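Okay, structure first, notes after.
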Amino acid sequence: MIVMEDPVGTELVMNNANLEEEIDFSCEPYIGLEFDSSDDALKFYTSYASRTGFKVRIGQLYRSRTDGSVSSRRFVCSKEGFQLSSRTGCSAFIRVQINASGKWVVDHFHKDHNHNLDIEGENCIPTSQQRGATAINSFAVVPRRPRKKLIAESNNEPSSPFGIIDLKRLRREESEGQPITEPYVGQEFNMPNEAYQFYRAYAAYVGFGVRIGQLFRSKNDGWITSRRFVCSKEGFQHPSRVGCGAYLRIKRQPSGKWAVDRLRKDHNHDLDSAGDGRTKGLPAPNILTEEVHAGSVNGDLFKLDNYPVTRGVRQNHIKIDWYSVLLEYFQSRQAEDTGFFYAVEVDNGNCMSIFWADGRSRYSCSQFGDVLVIDTSYRKSVYLAPFATFVGVNHHKQPVLLGCALIADESEESFTWLFQTWLRAASGRQPLSVIADQDIAIQSAIAKVFPGTSHRFSLWQVKAKEQDNQGLFGHEFTEDYGKCVYLSQTVEEFDTRWNALLNKYGLKDNAWLEEMYEKRESWVPLYLRGIFFAGIPMNESVESFFGAFLNAQTPLLEFIPRYERGLERRREEERKEDFNTSNFQPLLQTKEPVEEQCRRLYTLTLFKVFQNELLQCYSYLGFKIYEEGSLRRYLVRKGGNDMEKHIITFNASNLVISCSCQMFEYEGVLCRHALRVLQILELREVPSRYILHRWTRNAEDGVFPDTESWSSSQELRNLMLWSLRETASKYVDAGASSIEKYKLAYEILREGGRKLCWHSNKFSPS
């Protein structure tokens, strides 16, 4: 079923004639109400809405992490959000979730609206039964008079920054059977939304749906330079999608206009009939809201959140009402958590970006802040809030939150402030590596705030550009490109393949390939595998920390509750792994002493990684190929496979071992090739330098075997403070659960205090 929402020229009309009799459409929604399908739930809520006096839109859907199927859906009031001037941020909605029996159950219901409701019978949408209509499709599109002046252009005024589409002309052409103008390369539009409306009208006439695809930004100033509009069957994320390659791309011109620079008309699926296509043909309202905030317009002023702002003043994509709600929440959290940290960027007296991290996140920075993932993927789509997260990897290889932010704008100034603020919250210890987007503003801010830190580009951005460009050069190019980037083992091999690629396809002057080669050390696996990234795969996108709980489309009223639920869920997962590591021991698969050593030290997750490498090492053969003094070199290859071979260097004087595969450098665990050499050398234990403290069972305890790695005594003191606070908070929580436990905890603290006084001679006995 496809339900279209188009406030400019259509309305939803519901027909209940064929609905199952057991659904009582006269009742109000309530928690626990069941439906056979999500469509039935939508029909029910639309019926309720029409009686009550409001309209319904389809909101977010959530998918299962295991099989990708839809697990829950939200249906919201049509005035939810603020993307259009007619919307008021109404929070009324229902959410249905599929249960084990396959039924869809209402698990959330918010009844109250923040706007006046239409009086029943006047403006609410009548059902077809009320009108005496015969049963038709579940939903039909009924033309109505468009709102006056909603999309209008005065003869004496310049073009609207949102673009103009003549709706009457489109309707007249359709009714008269005249074909709509086909898109062509070089076709110009005033603004992206005008191009989107045109392409959508064309698509409806031809017989396919349209989705908004990727956008691309300037490396210099962050402005949007091009946009793609794709067939609704592009990609494979949903069973209805078939990987269709049809799309239209527009690019900003020096004149300020937007021109079609790429176009693909061929589809790999059947198109709807012309009549079916035209039922979808009315252009959508302006949904490219980013152009409302960030588009260039003529004159000295542009509008931001309905307020005139002089050109040159920094933009702010955070709605004004978010500040008061979040600051009130931060202050309440700070009263409960003395380690809670928050900061607000101020520019010319105006609030801009916001950063916050609770005490637990700040402590995690000291333990797991060596690898930092800055997730700004909110920019992939239209967003209500520019919500970003700072994420690390804990000793169970789980994502751990290191901070959150709302980013006012995407300038170098904004990112520089944000990274400096995170560094302050993290007690000044810089990460070894960062995974973040490749925008020039982010690159510059990372280089300025984290000098010496390796910056790896986010995979989703790299893949998006690859997908957009590779299709132009054909399937053979894509194969050759993949071999060059992902199979090259040495720098020389990569350069040879890259040059051959440029020569074979005549792409020496291609701007995209020039840029990617220049930045190859930030995205090509060959250059990254010698840098510590805690084993985060290079061929997979980093999973969102909050998942379906929280994203850039979450409305303000739901933001804080969802944030807390998502955070608690992740921390509960960590507590489970802590419990399992403390209470269960994995089975040994060999009689090697190194296996027993690592079982005793590593967490369960890391031991499984090590154990796999140990088991695999038995299928490799090792040969000494060089020896001079204490330095030895071995060739290790897989039995029966001469192609897979690596060089291992070992220094007997200091027990330093290194492998050409660089697994230890990238993941922090010795590889199978190095373990094979340790077997040949009959070393019974892994040298201590190759057991990283961050992967051990006591990674979060107050044990610091590598204190020499801290650059200053202040950093070490900060770590000790956080460790003691974290441990003490656990005693406080346990001691406050009952009077008996309180007395016991108090006595423990008093006894501990006496011992501290005795050792330091700085405190008098209590």
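We name chains A, B, ... following the order of the structure tokens; residues begin at 1 in each chain, and ligands are numbered from 1 as shown.
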
task: Extract, using only C-alpha atoms, all DNA, RNA and protein residues at most 6 Å from region 33-47 of chain A, discarding same-chain residues fewer than 6 positions from it, and format them as a list in words.
output: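 Everything that qualifies: Lys103, Trp104, Val105 and Val106 of chain A.
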
With C-alpha atoms retained, export the selected residues as a short mmCIF file (atom, residue, chain, number, x, y, z; two decimals), in the first residue's frame.
```cif
data_model
loop_
_atom_site.label_atom_id
_atom_site.label_comp_id
_atom_site.auth_asym_id
_atom_site.auth_seq_id
_atom_site.Cartn_x
_atom_site.Cartn_y
_atom_site.Cartn_z
CA LYS A 103 -0.12 -9.15 15.52
CA TRP A 104 0.50 -5.40 15.55
CA VAL A 105 -0.06 -3.93 19.03
CA VAL A 106 -0.34 -0.28 20.09
#
```

| query | With only C-alpha atoms as the atoms that count, which of A:Arg570, A:His317, A:Arg684, A:Arg362 lies nearest to Thr338 (chain A)? | reply |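 Answer, going by the shortest atom-to-atom distance: A:Arg362.
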
inquiry  = Taking 5 positions as the minimum chain separation for residues in the same chain, which residues sit within 8 Å of Arg95 (chain A) when counting only C-alpha atoms? Answer as a list in words.
reply    =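 Selected residues are Ser72, Arg73, Arg74, Phe75, Val106, Asp107, His108 and Phe109 of chain A.
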
Can you write just those residues out, N, CA and C atoms, as an mmCIF file, in the first residue's frame?
```cif
data_model
loop_
_atom_site.group_PDB
_atom_site.id
_atom_site.type_symbol
_atom_site.label_atom_id
_atom_site.label_comp_id
_atom_site.auth_asym_id
_atom_site.auth_seq_id
_atom_site.Cartn_x
_atom_site.Cartn_y
_atom_site.Cartn_z
ATOM 1 N N SER A 72 8.254 -1.958 13.899
ATOM 2 C CA SER A 72 7.278 -1.028 14.471
ATOM 3 C C SER A 72 7.091 0.158 13.539
ATOM 4 N N ARG A 73 5.937 0.828 13.689
ATOM 5 C CA ARG A 73 5.596 1.981 12.849
ATOM 6 C C ARG A 73 4.950 3.057 13.701
ATOM 7 N N ARG A 74 5.179 4.314 13.294
ATOM 8 C CA ARG A 74 4.527 5.454 13.943
ATOM 9 C C ARG A 74 3.610 6.134 12.950
ATOM 10 N N PHE A 75 2.402 6.499 13.414
ATOM 11 C CA PHE A 75 1.475 7.303 12.629
ATOM 12 C C PHE A 75 1.219 8.577 13.422
ATOM 13 N N VAL A 106 -0.632 -1.665 19.711
ATOM 14 C CA VAL A 106 -0.336 -0.282 20.089
ATOM 15 C C VAL A 106 0.479 -0.303 21.383
ATOM 16 N N ASP A 107 1.724 0.196 21.307
ATOM 17 C CA ASP A 107 2.552 0.233 22.519
ATOM 18 C C ASP A 107 2.843 1.663 22.970
ATOM 19 N N HIS A 108 2.540 2.670 22.135
ATOM 20 C CA HIS A 108 2.658 4.074 22.525
ATOM 21 C C HIS A 108 1.462 4.831 21.957
ATOM 22 N N PHE A 109 0.877 5.698 22.771
ATOM 23 C CA PHE A 109 -0.236 6.525 22.294
ATOM 24 C C PHE A 109 -0.169 7.872 23.002
#
```

- Counting only C-alpha atoms, figure out which residue out of A:Met191, A:Ala734, A:Leu670, A:Cys404 gets nearest to Ala425 (chain A).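 That would be A:Cys404, the residue with the smallest distance to Ala425 (chain A).
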
The distance between CA of Gln597 (chain A) and CA of Glu577 (chain A) is 20.0 Å

Students should find that CA of Glu682 (chain A) and CA of Tyr618 (chain A) are spaced 14.0 Å

Would you kindly return, as a short mmCIF file (atom, residue, chain, number, x, y, z; two decimals) with N, CA and C atoms, in the first residue's frame, each protein, DNA or RNA residue with an atom no farther than 10 Å from any atom of Ala745 (chain A), considering only C-alpha atoms and excluding same-chain residues fewer than 2 positions away?
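After the write, out11.cif holds the following:
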```cif
data_model
loop_
_atom_site.label_atom_id
_atom_site.label_comp_id
_atom_site.auth_asym_id
_atom_site.auth_seq_id
_atom_site.Cartn_x
_atom_site.Cartn_y
_atom_site.Cartn_z
N TYR A 731 29.67 1.70 45.03
CA TYR A 731 29.46 1.45 46.47
C TYR A 731 28.30 2.30 47.00
N VAL A 732 28.24 3.53 46.54
CA VAL A 732 27.17 4.43 47.00
C VAL A 732 25.81 3.89 46.58
N ASP A 733 25.68 3.47 45.30
CA ASP A 733 24.41 2.93 44.81
C ASP A 733 24.01 1.68 45.59
N ALA A 734 24.99 0.79 45.82
CA ALA A 734 24.68 -0.45 46.55
C ALA A 734 24.36 -0.15 48.00
N GLY A 735 25.09 0.79 48.62
CA GLY A 735 24.87 1.11 50.03
C GLY A 735 23.58 1.82 50.30
N ALA A 736 23.02 2.50 49.30
CA ALA A 736 21.78 3.25 49.51
C ALA A 736 20.53 2.41 49.29
N ILE A 739 18.93 0.03 54.73
CA ILE A 739 19.61 0.52 55.94
C ILE A 739 20.80 -0.37 56.28
N GLU A 740 20.62 -1.70 56.17
CA GLU A 740 21.70 -2.62 56.52
C GLU A 740 22.90 -2.42 55.61
N LYS A 741 22.65 -2.31 54.30
CA LYS A 741 23.75 -2.12 53.36
C LYS A 741 24.38 -0.74 53.53
N TYR A 742 23.56 0.24 53.92
CA TYR A 742 24.11 1.58 54.16
C TYR A 742 25.13 1.53 55.31
N LYS A 743 24.77 0.85 56.40
CA LYS A 743 25.68 0.76 57.55
C LYS A 743 26.98 0.04 57.16
N GLU A 747 30.77 1.72 57.04
CA GLU A 747 31.90 1.19 57.79
C GLU A 747 33.09 0.90 56.88
N ILE A 748 32.80 0.39 55.68
CA ILE A 748 33.88 0.13 54.71
C ILE A 748 34.59 1.42 54.34
N LEU A 749 33.81 2.47 54.10
CA LEU A 749 34.40 3.75 53.73
C LEU A 749 35.21 4.34 54.90
N ARG A 750 34.69 4.20 56.11
CA ARG A 750 35.42 4.71 57.28
C ARG A 750 36.74 3.96 57.45
N GLU A 751 36.70 2.64 57.28
CA GLU A 751 37.91 1.86 57.42
C GLU A 751 38.91 2.22 56.32
#
```

What are the DSSP helix (DSSP H, G or I) residues of region 292-436 of chain A, as an NGL selection string? :A and (292-294 or 320-336 or 359-368 or 377-380 or 412-425)

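The gap separating CA of Leu459 (chain A) from CA of Phe532 (chain A) is 16.8 Å, in Å to one decimal.
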
_When you look at Asn469 (chain A) with a cut-off of 12 Å (counting only C-alpha atoms), what residues show up, excluding the ones that are within fewer than 4 positions of it in the same chain? I need them as a VMD selection string._
chain A and resid 249 262 462 to 465 473 to 475 477 to 478 481 507 510 to 513 516

Write the residues you've just listed into a file as a compact mmCIF listing (two decimals), in the first residue's frame, and include N, CA and C atoms for each of them.
```
# COMPACT_ATOMS: atom_id res chain seq x y z
N ARG A 249 20.50 14.06 -11.55
CA ARG A 249 21.34 14.82 -10.64
C ARG A 249 21.43 16.26 -11.12
N ARG A 262 23.64 15.09 -14.80
CA ARG A 262 23.65 13.64 -15.03
C ARG A 262 22.22 13.14 -15.02
N VAL A 462 32.40 7.56 1.53
CA VAL A 462 33.23 7.00 0.47
C VAL A 462 32.38 6.17 -0.48
N LYS A 463 31.53 5.30 0.08
CA LYS A 463 30.68 4.44 -0.74
C LYS A 463 29.67 5.24 -1.56
N ALA A 464 29.16 6.32 -0.99
CA ALA A 464 28.19 7.14 -1.70
C ALA A 464 28.82 7.76 -2.95
N LYS A 465 30.04 8.26 -2.80
CA LYS A 465 30.72 8.86 -3.95
C LYS A 465 31.12 7.79 -4.97
N PHE A 473 31.04 4.78 -15.50
CA PHE A 473 32.16 4.20 -16.23
C PHE A 473 31.97 2.73 -16.59
N GLY A 474 30.89 2.12 -16.12
CA GLY A 474 30.60 0.75 -16.50
C GLY A 474 31.04 -0.28 -15.48
N HIS A 475 30.54 -1.51 -15.68
CA HIS A 475 30.77 -2.60 -14.73
C HIS A 475 32.23 -3.02 -14.69
N PHE A 477 34.89 -1.18 -15.14
CA PHE A 477 35.63 -0.21 -14.34
C PHE A 477 35.44 -0.49 -12.85
N THR A 478 34.21 -0.78 -12.45
CA THR A 478 33.93 -1.05 -11.04
C THR A 478 34.74 -2.23 -10.53
N TYR A 481 38.45 -1.15 -10.32
CA TYR A 481 38.59 -0.21 -9.21
C TYR A 481 38.61 -0.97 -7.88
N LEU A 507 40.97 8.46 -17.59
CA LEU A 507 40.41 9.25 -16.48
C LEU A 507 41.49 10.03 -15.73
N ASN A 510 40.04 13.16 -14.19
CA ASN A 510 38.79 13.03 -13.46
C ASN A 510 38.94 13.62 -12.05
N ALA A 511 38.10 14.60 -11.71
CA ALA A 511 38.24 15.33 -10.45
C ALA A 511 38.02 14.43 -9.24
N TRP A 512 37.04 13.52 -9.33
CA TRP A 512 36.75 12.63 -8.20
C TRP A 512 37.94 11.73 -7.90
N LEU A 513 38.51 11.11 -8.95
CA LEU A 513 39.64 10.21 -8.74
C LEU A 513 40.88 10.97 -8.28
N MET A 516 40.34 11.58 -4.53
CA MET A 516 40.44 10.37 -3.72
C MET A 516 41.88 9.85 -3.65
```

Ranking A:Gln367, A:Gln331, A:Ser454, A:Gln187 by minimum distance to Arg529 (chain A) and counting only C-alpha atoms, which one comes first?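 Among the listed residues, A:Ser454 lies closest to Arg529 (chain A).
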
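Restricting the calculation to only C-alpha atoms, the smallest distance between Phe54 (chain A) and any of A:Val206, A:Leu117, A:Leu271, A:Leu423 is found for A:Leu117.
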
Near Gly668 (chain A), counting only C-alpha atoms, which residues have an atom at most 10 Å away, once you skip same-chain residues fewer than 6 positions from it, shown as a list in words?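 So the residues in contact are Ile531, Phe532, Phe533, Ala534, Gly535, Leu606, Gln662, Tyr690, Ile691, Leu692, His693, Arg694 and Trp695 of chain A.
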